[in-house]
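**Q** Just structure-v5.cif, nothing more (mmCIF, C-alpha atoms and all ligand atoms):
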data_data
#
loop_
_atom_site.group_PDB
_atom_site.id
_atom_site.type_symbol
_atom_site.label_atom_id
_atom_site.label_comp_id
_atom_site.auth_asym_id
_atom_site.auth_seq_id
_atom_site.Cartn_x
_atom_site.Cartn_y
_atom_site.Cartn_z
ATOM 1 C CA MET A 145 -127.241 -79.148 5.966
ATOM 2 C CA ALA A 146 -127.559 -75.661 7.362
ATOM 3 C CA ALA A 147 -130.213 -74.344 5.003
ATOM 4 C CA LEU A 148 -133.638 -75.904 4.921
ATOM 5 C CA VAL A 149 -133.530 -76.459 1.185
ATOM 6 C CA TYR A 150 -130.907 -76.090 -1.501
ATOM 7 C CA ARG A 151 -131.431 -73.299 -4.020
ATOM 8 C CA VAL A 152 -129.662 -74.123 -7.236
ATOM 9 C CA PRO A 153 -127.525 -71.106 -8.131
ATOM 10 C CA PRO A 154 -128.106 -69.651 -11.600
ATOM 11 C CA ASP A 155 -125.449 -70.836 -14.043
ATOM 12 C CA GLY A 156 -123.960 -73.049 -11.364
ATOM 13 C CA LYS A 157 -122.789 -76.630 -11.393
ATOM 14 C CA LEU A 158 -124.864 -79.112 -9.517
ATOM 15 C CA GLU A 159 -123.741 -82.322 -7.845
ATOM 16 C CA LEU A 160 -127.004 -83.952 -6.844
ATOM 17 C CA ALA A 161 -125.108 -86.735 -5.110
ATOM 18 C CA THR A 162 -123.730 -84.255 -2.578
ATOM 19 C CA ILE A 163 -127.190 -83.284 -1.374
ATOM 20 C CA ASP A 164 -128.483 -85.669 1.251
ATOM 21 C CA PRO A 165 -132.063 -86.845 0.568
ATOM 22 C CA LYS A 166 -132.295 -87.704 4.251
ATOM 23 C CA GLY A 167 -131.497 -84.161 5.353
ATOM 24 C CA ASN A 168 -133.673 -82.966 8.219
ATOM 25 C CA GLY A 169 -132.293 -79.475 8.865
ATOM 26 C CA LYS A 170 -131.608 -80.675 12.436
ATOM 27 C CA LEU A 171 -135.315 -80.452 13.117
ATOM 28 C CA ASP A 172 -137.325 -82.973 15.028
ATOM 29 C CA ARG A 173 -140.470 -84.406 13.563
ATOM 30 C CA ALA A 174 -142.884 -83.243 16.253
ATOM 31 C CA SER A 175 -141.947 -79.577 16.033
ATOM 32 C CA ALA A 176 -141.865 -79.651 12.232
ATOM 33 C CA GLU A 177 -145.375 -81.089 12.183
ATOM 34 C CA THR A 178 -146.638 -78.504 14.642
ATOM 35 C CA GLU A 179 -145.093 -75.702 12.656
ATOM 36 C CA LEU A 180 -146.502 -77.088 9.422
ATOM 37 C CA GLU A 181 -149.994 -76.414 10.770
ATOM 38 C CA ALA A 182 -149.179 -72.747 11.284
ATOM 39 C CA LEU A 183 -147.462 -72.496 7.909
ATOM 40 C CA THR A 184 -150.335 -74.013 5.964
ATOM 41 C CA SER A 185 -152.744 -71.575 7.640
ATOM 42 C CA GLU A 186 -150.432 -68.732 6.726
ATOM 43 C CA ILE A 187 -150.380 -69.879 3.091
ATOM 44 C CA ASP A 188 -154.160 -69.618 3.103
ATOM 45 C CA GLU A 189 -154.031 -66.100 4.570
ATOM 46 C CA LEU A 190 -151.395 -65.024 2.069
ATOM 47 C CA GLN A 191 -153.436 -66.418 -0.798
ATOM 48 C CA GLU A 192 -156.392 -64.314 0.278
ATOM 49 C CA LEU A 193 -154.222 -61.220 0.145
ATOM 50 C CA LEU A 194 -152.800 -62.342 -3.191
ATOM 51 C CA TYR A 195 -156.349 -62.591 -4.480
ATOM 52 C CA GLY A 196 -157.513 -59.327 -2.967
ATOM 53 C CA ALA A 197 -154.576 -57.332 -4.277
ATOM 54 C CA GLY A 198 -154.834 -59.050 -7.656
ATOM 55 C CA THR A 199 -151.390 -57.930 -8.712
ATOM 56 C CA HIS A 200 -149.525 -61.246 -8.671
ATOM 57 C CA SER A 201 -150.012 -64.948 -9.142
ATOM 58 C CA LEU A 202 -148.013 -67.828 -7.706
ATOM 59 C CA LEU A 203 -146.889 -70.788 -9.766
ATOM 60 C CA VAL A 204 -145.556 -73.768 -7.837
ATOM 61 C CA ILE A 205 -143.967 -76.535 -9.864
ATOM 62 C CA VAL A 206 -143.481 -79.916 -8.217
ATOM 63 C CA GLN A 207 -141.172 -82.405 -9.885
ATOM 64 C CA GLY A 208 -139.452 -85.570 -8.763
ATOM 65 C CA ILE A 209 -138.923 -89.147 -9.713
ATOM 66 C CA ASP A 210 -141.794 -91.665 -9.301
ATOM 67 C CA THR A 211 -142.736 -92.093 -5.604
ATOM 68 C CA SER A 212 -140.866 -88.922 -4.615
ATOM 69 C CA GLY A 213 -144.100 -87.668 -3.058
ATOM 70 C CA LYS A 214 -145.423 -85.070 -5.477
ATOM 71 C CA ASP A 215 -149.088 -85.788 -4.706
ATOM 72 C CA GLY A 216 -148.479 -85.995 -0.962
ATOM 73 C CA THR A 217 -146.624 -82.690 -0.930
ATOM 74 C CA VAL A 218 -149.433 -80.902 -2.722
ATOM 75 C CA ARG A 219 -151.992 -82.437 -0.385
ATOM 76 C CA LYS A 220 -150.163 -81.583 2.826
ATOM 77 C CA VAL A 221 -148.846 -78.135 1.967
ATOM 78 C CA PHE A 222 -151.882 -76.625 0.261
ATOM 79 C CA ASN A 223 -154.634 -78.337 2.221
ATOM 80 C CA LYS A 224 -155.863 -75.153 3.835
ATOM 81 C CA VAL A 225 -155.849 -72.930 0.775
ATOM 82 C CA SER A 226 -159.294 -72.026 -0.450
ATOM 83 C CA PRO A 227 -160.342 -73.950 -3.555
ATOM 84 C CA LEU A 228 -161.593 -70.575 -4.770
ATOM 85 C CA GLY A 229 -158.052 -69.331 -5.060
ATOM 86 C CA SER A 230 -155.998 -72.317 -6.080
ATOM 87 C CA TYR A 231 -155.885 -75.295 -8.387
ATOM 88 C CA VAL A 232 -153.648 -78.196 -9.274
ATOM 89 C CA HIS A 233 -152.854 -79.258 -12.794
ATOM 90 C CA SER A 234 -151.299 -82.687 -13.346
ATOM 91 C CA PHE A 235 -149.402 -83.121 -16.574
ATOM 92 C CA LYS A 236 -149.840 -86.510 -18.177
ATOM 93 C CA VAL A 237 -148.550 -88.073 -21.391
ATOM 94 C CA PRO A 238 -149.435 -85.440 -24.010
ATOM 95 C CA THR A 239 -152.555 -86.011 -26.067
ATOM 96 C CA GLU A 240 -152.481 -86.011 -29.843
ATOM 97 C CA GLU A 241 -153.790 -82.474 -29.846
ATOM 98 C CA GLU A 242 -151.113 -81.340 -27.407
ATOM 99 C CA LEU A 243 -148.413 -83.035 -29.469
ATOM 100 C CA GLY A 244 -149.703 -81.135 -32.479
ATOM 101 C CA HIS A 245 -148.486 -77.898 -30.867
ATOM 102 C CA ASP A 246 -145.261 -76.620 -29.418
ATOM 103 C CA PHE A 247 -144.426 -78.195 -26.048
ATOM 104 C CA LEU A 248 -145.349 -75.089 -24.070
ATOM 105 C CA TRP A 249 -148.812 -74.715 -25.563
ATOM 106 C CA ARG A 250 -150.541 -76.943 -23.038
ATOM 107 C CA VAL A 251 -148.600 -75.314 -20.225
ATOM 108 C CA HIS A 252 -149.175 -71.664 -20.965
ATOM 109 C CA ARG A 253 -152.934 -72.053 -21.071
ATOM 110 C CA VAL A 254 -153.048 -73.361 -17.483
ATOM 111 C CA THR A 255 -150.709 -70.856 -15.842
ATOM 112 C CA PRO A 256 -152.327 -69.032 -12.916
ATOM 113 C CA GLN A 257 -154.075 -65.744 -13.491
ATOM 114 C CA ARG A 258 -153.416 -62.903 -11.045
ATOM 115 C CA GLY A 259 -154.742 -63.649 -7.610
ATOM 116 C CA MET A 260 -154.439 -67.402 -8.007
ATOM 117 C CA ILE A 261 -152.062 -70.104 -6.851
ATOM 118 C CA GLY A 262 -151.481 -72.617 -9.635
ATOM 119 C CA ILE A 263 -149.750 -75.849 -8.714
ATOM 120 C CA PHE A 264 -148.166 -77.996 -11.393
ATOM 121 C CA ASN A 265 -147.839 -81.673 -10.568
ATOM 122 C CA ARG A 266 -145.180 -82.409 -13.199
ATOM 123 C CA SER A 267 -144.760 -79.679 -15.779
ATOM 124 C CA HIS A 268 -143.031 -78.568 -18.969
ATOM 125 C CA TYR A 269 -139.868 -80.028 -17.452
ATOM 126 C CA GLU A 270 -141.096 -83.468 -18.487
ATOM 127 C CA ASP A 271 -140.139 -82.335 -21.974
ATOM 128 C CA VAL A 272 -136.473 -82.360 -20.992
ATOM 129 C CA LEU A 273 -136.769 -85.292 -18.550
ATOM 130 C CA VAL A 274 -138.869 -88.290 -19.622
ATOM 131 C CA VAL A 275 -138.591 -87.101 -23.217
ATOM 132 C CA ARG A 276 -134.806 -87.105 -22.963
ATOM 133 C CA VAL A 277 -134.521 -90.378 -21.073
ATOM 134 C CA HIS A 278 -136.709 -92.194 -23.582
ATOM 135 C CA ASN A 279 -135.506 -90.402 -26.704
ATOM 136 C CA LEU A 280 -139.033 -89.307 -27.534
ATOM 137 C CA VAL A 281 -137.616 -86.536 -29.689
ATOM 138 C CA PRO A 282 -134.042 -86.107 -30.987
ATOM 139 C CA GLU A 283 -131.468 -84.432 -28.755
ATOM 140 C CA THR A 284 -131.256 -81.495 -31.162
ATOM 141 C CA VAL A 285 -134.905 -80.830 -30.338
ATOM 142 C CA TRP A 286 -134.947 -81.214 -26.539
ATOM 143 C CA ARG A 287 -131.627 -79.443 -26.073
ATOM 144 C CA LYS A 288 -133.094 -76.202 -27.406
ATOM 145 C CA ARG A 289 -135.847 -76.395 -24.827
ATOM 146 C CA TYR A 290 -133.821 -75.206 -21.828
ATOM 147 C CA ARG A 291 -133.517 -71.795 -23.413
ATOM 148 C CA MET A 292 -137.180 -71.818 -24.414
ATOM 149 C CA ILE A 293 -138.192 -72.737 -20.874
ATOM 150 C CA ASN A 294 -136.115 -69.900 -19.425
ATOM 151 C CA ASP A 295 -137.633 -67.437 -21.878
ATOM 152 C CA PHE A 296 -141.135 -68.719 -21.125
ATOM 153 C CA GLU A 297 -140.631 -68.476 -17.364
ATOM 154 C CA HIS A 298 -139.140 -65.027 -17.832
ATOM 155 C CA LEU A 299 -142.281 -63.939 -19.609
ATOM 156 C CA LEU A 300 -144.405 -65.280 -16.758
ATOM 157 C CA ALA A 301 -142.230 -63.651 -14.101
ATOM 158 C CA ALA A 302 -142.232 -60.333 -15.952
ATOM 159 C CA SER A 303 -146.020 -60.562 -15.872
ATOM 160 C CA ASN A 304 -145.981 -60.778 -12.057
ATOM 161 C CA THR A 305 -146.015 -64.532 -11.660
ATOM 162 C CA ILE A 306 -144.017 -65.566 -8.629
ATOM 163 C CA ILE A 307 -142.415 -68.896 -9.559
ATOM 164 C CA LEU A 308 -141.122 -71.648 -7.286
ATOM 165 C CA LYS A 309 -139.875 -74.966 -8.637
ATOM 166 C CA PHE A 310 -139.419 -77.798 -6.181
ATOM 167 C CA PHE A 311 -137.413 -80.912 -6.919
ATOM 168 C CA LEU A 312 -138.284 -83.622 -4.422
ATOM 169 C CA HIS A 313 -134.991 -85.391 -3.868
ATOM 170 C CA ILE A 314 -135.304 -88.998 -2.715
ATOM 171 C CA SER A 315 -132.684 -91.722 -2.587
ATOM 172 C CA LYS A 316 -132.836 -94.830 -4.727
ATOM 173 C CA GLU A 317 -133.167 -96.952 -1.571
ATOM 174 C CA GLU A 318 -136.122 -94.910 -0.376
ATOM 175 C CA GLN A 319 -137.792 -95.371 -3.741
ATOM 176 C CA ALA A 320 -137.405 -99.156 -3.430
ATOM 177 C CA GLU A 321 -138.951 -99.051 0.040
ATOM 178 C CA ARG A 322 -141.887 -97.019 -1.142
ATOM 179 C CA LEU A 323 -142.507 -99.280 -4.128
ATOM 180 C CA LEU A 324 -142.308 -102.372 -1.936
ATOM 181 C CA ALA A 325 -144.660 -100.815 0.604
ATOM 182 C CA ARG A 326 -147.244 -100.491 -2.132
ATOM 183 C CA GLU A 327 -147.000 -104.228 -2.732
ATOM 184 C CA LYS A 328 -147.263 -105.118 0.933
ATOM 185 C CA GLU A 329 -150.135 -102.870 1.912
ATOM 186 C CA THR A 330 -153.350 -103.550 0.092
ATOM 187 C CA SER A 331 -154.510 -100.020 0.848
ATOM 188 C CA LYS A 332 -151.596 -98.697 -1.198
ATOM 189 C CA ALA A 333 -151.702 -101.266 -3.975
ATOM 190 C CA TRP A 334 -153.842 -99.084 -6.217
ATOM 191 C CA LYS A 335 -150.798 -96.892 -6.691
ATOM 192 C CA LEU A 336 -148.793 -99.822 -8.082
ATOM 193 C CA SER A 337 -147.548 -99.745 -11.610
ATOM 194 C CA ALA A 338 -145.119 -102.161 -13.199
ATOM 195 C CA GLY A 339 -143.971 -99.121 -15.145
ATOM 196 C CA ASP A 340 -142.485 -97.649 -11.971
ATOM 197 C CA TRP A 341 -140.028 -100.548 -11.664
ATOM 198 C CA ARG A 342 -139.233 -100.224 -15.359
ATOM 199 C CA GLU A 343 -138.570 -96.499 -14.970
ATOM 200 C CA ARG A 344 -136.339 -97.220 -11.983
ATOM 201 C CA GLU A 345 -133.917 -98.962 -14.335
ATOM 202 C CA HIS A 346 -133.323 -95.536 -15.855
ATOM 203 C CA TRP A 347 -132.471 -93.962 -12.486
ATOM 204 C CA GLU A 348 -129.040 -92.710 -13.560
ATOM 205 C CA ASP A 349 -130.396 -91.271 -16.794
ATOM 206 C CA TYR A 350 -133.108 -89.460 -14.873
ATOM 207 C CA MET A 351 -130.588 -88.048 -12.428
ATOM 208 C CA ALA A 352 -128.458 -86.793 -15.316
ATOM 209 C CA ALA A 353 -131.526 -85.258 -16.955
ATOM 210 C CA TYR A 354 -132.620 -83.614 -13.686
ATOM 211 C CA THR A 355 -129.135 -82.311 -13.022
ATOM 212 C CA GLU A 356 -128.926 -80.597 -16.372
ATOM 213 C CA ALA A 357 -132.463 -79.197 -16.187
ATOM 214 C CA LEU A 358 -131.833 -77.801 -12.711
ATOM 215 C CA GLU A 359 -128.471 -76.361 -13.716
ATOM 216 C CA ARG A 360 -129.717 -74.719 -16.869
ATOM 217 C CA CYS A 361 -133.094 -73.540 -15.700
ATOM 218 C CA SER A 362 -132.507 -72.219 -12.209
ATOM 219 C CA THR A 363 -132.796 -68.468 -12.529
ATOM 220 C CA ALA A 364 -133.234 -65.549 -10.149
ATOM 221 C CA TYR A 365 -136.829 -65.187 -11.338
ATOM 222 C CA ALA A 366 -137.677 -68.901 -11.304
ATOM 223 C CA PRO A 367 -135.330 -70.752 -8.958
ATOM 224 C CA TRP A 368 -135.038 -74.509 -8.637
ATOM 225 C CA ILE A 369 -135.211 -75.611 -5.054
ATOM 226 C CA ILE A 370 -134.001 -79.036 -4.030
ATOM 227 C CA VAL A 371 -135.924 -80.510 -1.114
ATOM 228 C CA PRO A 372 -134.546 -83.473 0.832
ATOM 229 C CA ALA A 373 -137.571 -85.739 0.545
ATOM 230 C CA ASP A 374 -136.801 -89.119 2.098
ATOM 231 C CA ARG A 375 -138.579 -87.937 5.245
ATOM 232 C CA LYS A 376 -142.061 -86.849 4.342
ATOM 233 C CA TRP A 377 -142.541 -84.648 7.403
ATOM 234 C CA TYR A 378 -139.385 -82.728 6.553
ATOM 235 C CA ARG A 379 -140.291 -82.412 2.887
ATOM 236 C CA ASN A 380 -143.706 -80.956 3.731
ATOM 237 C CA TYR A 381 -142.294 -78.562 6.274
ATOM 238 C CA ALA A 382 -139.496 -77.375 3.972
ATOM 239 C CA VAL A 383 -141.824 -76.760 1.019
ATOM 240 C CA ALA A 384 -144.425 -74.957 3.152
ATOM 241 C CA LYS A 385 -141.773 -72.808 4.798
ATOM 242 C CA THR A 386 -140.276 -71.874 1.438
ATOM 243 C CA VAL A 387 -143.674 -70.889 0.042
ATOM 244 C CA VAL A 388 -144.423 -68.733 3.076
ATOM 245 C CA GLU A 389 -140.998 -67.087 3.059
ATOM 246 C CA THR A 390 -141.393 -66.295 -0.616
ATOM 247 C CA LEU A 391 -144.801 -64.671 -0.234
ATOM 248 C CA ARG A 392 -144.266 -62.830 3.063
ATOM 249 C CA PRO A 393 -142.191 -59.988 1.574
ATOM 250 C CA TYR A 394 -145.181 -59.032 -0.586
ATOM 251 C CA LYS A 395 -147.564 -58.907 2.342
ATOM 252 C CA ASP A 396 -147.070 -55.270 3.368
ATOM 253 C CA ASP A 397 -147.598 -54.028 -0.175
ATOM 254 C CA TRP A 398 -150.702 -56.140 -0.594
ATOM 255 C CA LEU A 399 -152.101 -54.948 2.730
ATOM 256 C CA ALA A 400 -151.356 -51.313 1.908
ATOM 257 C CA TYR A 401 -153.037 -51.679 -1.454
ATOM 258 C CA LEU A 402 -156.057 -53.375 0.079
ATOM 259 C CA GLY A 403 -156.203 -50.664 2.748
ATOM 260 C CA LYS A 404 -156.411 -48.016 0.033
ATOM 261 C CA VAL A 405 -159.062 -49.937 -1.869
ATOM 262 C CA GLY A 406 -161.033 -50.323 1.346
ATOM 263 C CA GLU A 407 -160.899 -46.564 2.034
ATOM 264 C CA GLN A 408 -161.980 -45.824 -1.506
ATOM 265 C CA ARG A 409 -164.920 -48.210 -1.278
ATOM 266 C CA LEU A 410 -166.014 -46.698 2.036
ATOM 267 C CA ALA A 411 -165.806 -43.216 0.560
ATOM 268 C CA GLU A 412 -167.935 -44.347 -2.382
ATOM 269 C CA LEU A 413 -170.473 -45.852 -0.017
ATOM 270 C CA ARG A 414 -170.616 -42.695 2.084
ATOM 271 C CA ALA A 415 -171.069 -40.609 -1.022
ATOM 272 C CA TYR A 416 -173.877 -42.896 -2.159
ATOM 273 C CA ARG A 417 -175.623 -42.469 1.176
ATOM 274 C CA GLY A 418 -175.090 -38.763 1.066
ATOM 275 C CA GLU A 419 -172.942 -38.890 4.193
ATOM 276 C CA GLY A 420 -170.096 -36.495 4.536
ATOM 277 C CA VAL A 421 -170.901 -34.861 1.255
ATOM 278 C CA THR A 422 -171.438 -31.147 1.413
ATOM 279 C CA GLY A 423 -173.712 -29.146 -0.861
HETATM 280 P P1 LIG A 501 -148.259 -89.476 -11.858
HETATM 281 O O1 LIG A 501 -147.828 -88.067 -12.113
HETATM 282 O O2 LIG A 501 -149.056 -89.629 -10.602
HETATM 283 O O3 LIG A 501 -147.142 -90.469 -11.959
HETATM 284 P P2 LIG A 501 -149.306 -90.822 -14.146
HETATM 285 O O4 LIG A 501 -149.046 -92.166 -13.595
HETATM 286 O O5 LIG A 501 -150.503 -90.616 -15.015
HETATM 287 O O6 LIG A 501 -149.335 -89.744 -13.006
HETATM 288 O O7 LIG A 501 -148.013 -90.374 -14.946
HETATM 289 C C1 LIG A 501 -147.997 -89.360 -15.820
HETATM 290 C C2 LIG A 501 -147.021 -89.781 -16.890
HETATM 291 O O8 LIG A 501 -147.019 -88.817 -17.924
HETATM 292 C C3 LIG A 501 -145.596 -89.885 -16.376
HETATM 293 O O9 LIG A 501 -145.073 -91.122 -16.703
HETATM 294 C C4 LIG A 501 -144.886 -88.784 -17.118
HETATM 295 O O10 LIG A 501 -143.544 -89.079 -17.372
HETATM 296 C C5 LIG A 501 -145.704 -88.677 -18.382
HETATM 297 N N1 LIG A 501 -145.550 -87.393 -19.038
HETATM 298 C C6 LIG A 501 -145.844 -86.174 -18.539
HETATM 299 N N2 LIG A 501 -145.507 -85.214 -19.427
HETATM 300 C C7 LIG A 501 -144.974 -85.845 -20.495
HETATM 301 C C8 LIG A 501 -144.428 -85.412 -21.725
HETATM 302 N N3 LIG A 501 -144.348 -84.113 -22.033
HETATM 303 N N4 LIG A 501 -144.001 -86.347 -22.607
HETATM 304 C C9 LIG A 501 -144.076 -87.644 -22.289
HETATM 305 N N5 LIG A 501 -144.563 -88.128 -21.147
HETATM 306 C C10 LIG A 501 -145.006 -87.246 -20.253
#
Could the structure of this file be written out as structure tokens, please?
Ligand code: ADP
**A**
Amino acid sequence: MAALVYRVPPDGKLELATIDPKGNGKLDRASAETELEALTSEIDELQELLYGAGTHSLLVIVQGIDTSGKDGTVRKVFNKVSPLGSYVHSFKVPTEEELGHDFLWRVHRVTPQRGMIGIFNRSHYEDVLVVRVHNLVPETVWRKRYRMINDFEHLLAASNTIILKFFLHISKEEQAERLLAREKETSKAWKLSAGDWREREHWEDYMAAYTEALERCSTAYAPWIIVPADRKWYRNYAVAKTVVETLRPYKDDWLAYLGKVGEQRLAELRAYRGEGVTG
């Protein structure tokens, strides 16, 4: 695979099976891990500028099948970002109150305000994934949601939210290994859930649901990015690199804006002290 990650083209067809979950971008582990350190520091620096400029927010959505490494990705990629400027929201089975509203109600209220990085561990996509696989609502209901999701994300993007949606792509064999590892290592056993094995029986249904969600909801303003995720070091590197490459183009504008604000503040301070003011 030449590119680090696979960006799902808007309105394109997607063959998930043709994307190798073991892809490593021809990188070796040691250099990817070294570079990850620099990238995570850069994410922190960029977040500070994002906050200072206050013009944009960043929404990072992390999705993937059980054991695909959603928690680990968040931990490793955003571990240097200031808690002042970022937060993670994990979406669980909806509460009664949440179910009493439209499916985007609980999502919209936790989107990041300008200056912040908001990370979604699972997201509104569950409403076309688990909901579809388990027939939690009729197809006529969930099918309309792709359009609603695109409209919702368009609203966010038009309000200066930079959106990145990562699908952590693991193989079925890797999932089995990770589930078995949890049984073998007592330190990992707390993560065990019989439900994970039950969900695994729906693997094909999940892949079909993911394929359609990624096909229908990858847009220029909120792209779906497929990350080969069988190798954790590669997954972390690829996500961090994508975040940095997405934010870097804004850096000059943010710096210029902050430079102007800084000059203005200094001028105000000088005026207050009576320096440089004539008459
Ligand atoms: P984790 O994300 O670490 O697996 P949990 O074990 O608490 O955390 O799993 C959260 C569960 O909530 C998942 O099984 C997920 O499918 C479910 N869930 C999230 N959103 C929805 C939704 N909109 N409708 C139904 N189930 C959902």
**Q** Using the chain letters and numbers from the file, which residues does the PyMOL selection byres (((not hetatm)) within 8 of (chain A and resi 501)) grab, as a list in words?
**A** Asp210, Thr211, Lys214, Asp215, Ser234, Phe235, Lys236, Val237, Pro238, Phe247, Asn265, Arg266, Ser267, His268, Tyr269, Glu270, Asp271, Leu273, Val274, Val275, Leu280 and Ser337 of chain A
**Q** Could you tell me which residues the PyMOL selection byres (((chain A and resi 202) around 9) and not hetatm) returns for this structure, as an NGL selection string?
**A** :A and (191 or 194 or 200-201 or 203-204 or 256-263 or 304-308 or 391)
**Q** Around all the atoms of range 188-192 of chain A listed in the file, draw an axis-aligned box and extend it by 3 Å on each of the six sides; I want its centre and edge lengths in Å to one decimal, as AutoDock Vina command-line options.
**A**
--center_x -153.9 --center_y -67.0 --center_z 1.9 --size_x 11.0 --size_y 11.3 --size_z 11.4
**Q** Between A:Ala415, A:Leu402, A:Val387, A:Ile369, which is the closest to Val221 in chain A once you count all atoms listed in the file?
**A**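 Closest candidate: A:Val387.
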**Q** Leaving out Arg344 in chain A and any residue of its chain fewer than 4 positions from it, which residues lie within 10 Å of it when counting all atoms listed in the file, given as a list of chain:residue names?
**A** A:Ile209, A:Asp210, A:Lys316, A:Gln319, A:Ala320, A:Gly339, A:Asp340, A:Glu348, A:Asp349, A:Tyr350
**Q** Record the distance separating CA of Ala382 in chain A and CA of Ala353 in chain A, expressed in Å with one decimal.
**A** 23.7 Å
**Q** To one decimal in Å, tell me the separation between CA of His313 in chain A and CA of Asp374 in chain A.
**A**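 Interatomic distance, CA of His313 in chain A to CA of Asp374 in chain A: 7.3 Å.
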**Q** List every protein, DNA or RNA residue that has an atom no more than 9 Å from (-134.6, -66.4, -9.5) in the file's coordinate frame, counting only C-alpha atoms, and report them as an MDAnalysis selection string.
**A** chainID A and resid 153:154 307:308 362:368
**Q** Could you take the residues named above and write them with C-alpha atoms, as a PDB file, keeping the file's coordinate frame?
**A**
ATOM      1  CA  PRO A 153    -127.525 -71.106  -8.131  1.00  0.00           C
ATOM      2  CA  PRO A 154    -128.106 -69.651 -11.600  1.00  0.00           C
ATOM      3  CA  ILE A 307    -142.415 -68.896  -9.559  1.00  0.00           C
ATOM      4  CA  LEU A 308    -141.122 -71.648  -7.286  1.00  0.00           C
ATOM      5  CA  SER A 362    -132.507 -72.219 -12.209  1.00  0.00           C
ATOM      6  CA  THR A 363    -132.796 -68.468 -12.529  1.00  0.00           C
ATOM      7  CA  ALA A 364    -133.234 -65.549 -10.149  1.00  0.00           C
ATOM      8  CA  TYR A 365    -136.829 -65.187 -11.338  1.00  0.00           C
ATOM      9  CA  ALA A 366    -137.677 -68.901 -11.304  1.00  0.00           C
ATOM     10  CA  PRO A 367    -135.330 -70.752  -8.958  1.00  0.00           C
ATOM     11  CA  TRP A 368    -135.038 -74.509  -8.637  1.00  0.00           C
TER      12      TRP A 368
END
**Q** List the spatial neighbours of Ile370 in chain A as a count of residues only - criterion: any atom at most 8 Å away, only C-alpha atoms, same-chain residues fewer than 5 positions off excluded.
**A** 8
**Q** What does the PyMOL selection byres (((chain A and resi 395) around 10) and not hetatm) select in this file, as a short mmCIF file (atom, residue, chain, number, x, y, z; two decimals) with C-alpha atoms, keeping the file's coordinate frame?
**A**
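As a result, selection_11.cif now contains:
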data_model
loop_
_atom_site.label_atom_id
_atom_site.label_comp_id
_atom_site.auth_asym_id
_atom_site.auth_seq_id
_atom_site.Cartn_x
_atom_site.Cartn_y
_atom_site.Cartn_z
CA GLU A 189 -154.03 -66.10 4.57
CA LEU A 190 -151.40 -65.02 2.07
CA LEU A 193 -154.22 -61.22 0.14
CA LEU A 194 -152.80 -62.34 -3.19
CA ALA A 197 -154.58 -57.33 -4.28
CA LEU A 391 -144.80 -64.67 -0.23
CA ARG A 392 -144.27 -62.83 3.06
CA PRO A 393 -142.19 -59.99 1.57
CA TYR A 394 -145.18 -59.03 -0.59
CA ASP A 396 -147.07 -55.27 3.37
CA ASP A 397 -147.60 -54.03 -0.18
CA TRP A 398 -150.70 -56.14 -0.59
CA LEU A 399 -152.10 -54.95 2.73
CA ALA A 400 -151.36 -51.31 1.91
CA TYR A 401 -153.04 -51.68 -1.45
#
**Q** For Glu159 in chain A, which residue among A:Cys361, A:Ala373, A:Val206, A:Met351 is the nearest when counting only C-alpha atoms?
**A** A:Met351
**Q** Counting all atoms listed in the file, what is within 8 Å of Leu180 in chain A, bar same-chain residues fewer than 2 positions away, as a list of chain:residue names?
**A** A:Ala176, A:Glu177, A:Thr178, A:Ala182, A:Leu183, A:Thr184, A:Val221, A:Asn380, A:Tyr381, A:Ala384, A:Lys385
**Q** Please compute the CA of Ile205 in chain A-CA of Leu324 in chain A distance, one decimal, in Å.
**A**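 Distance reported for this atom pair: 27.1 Å.
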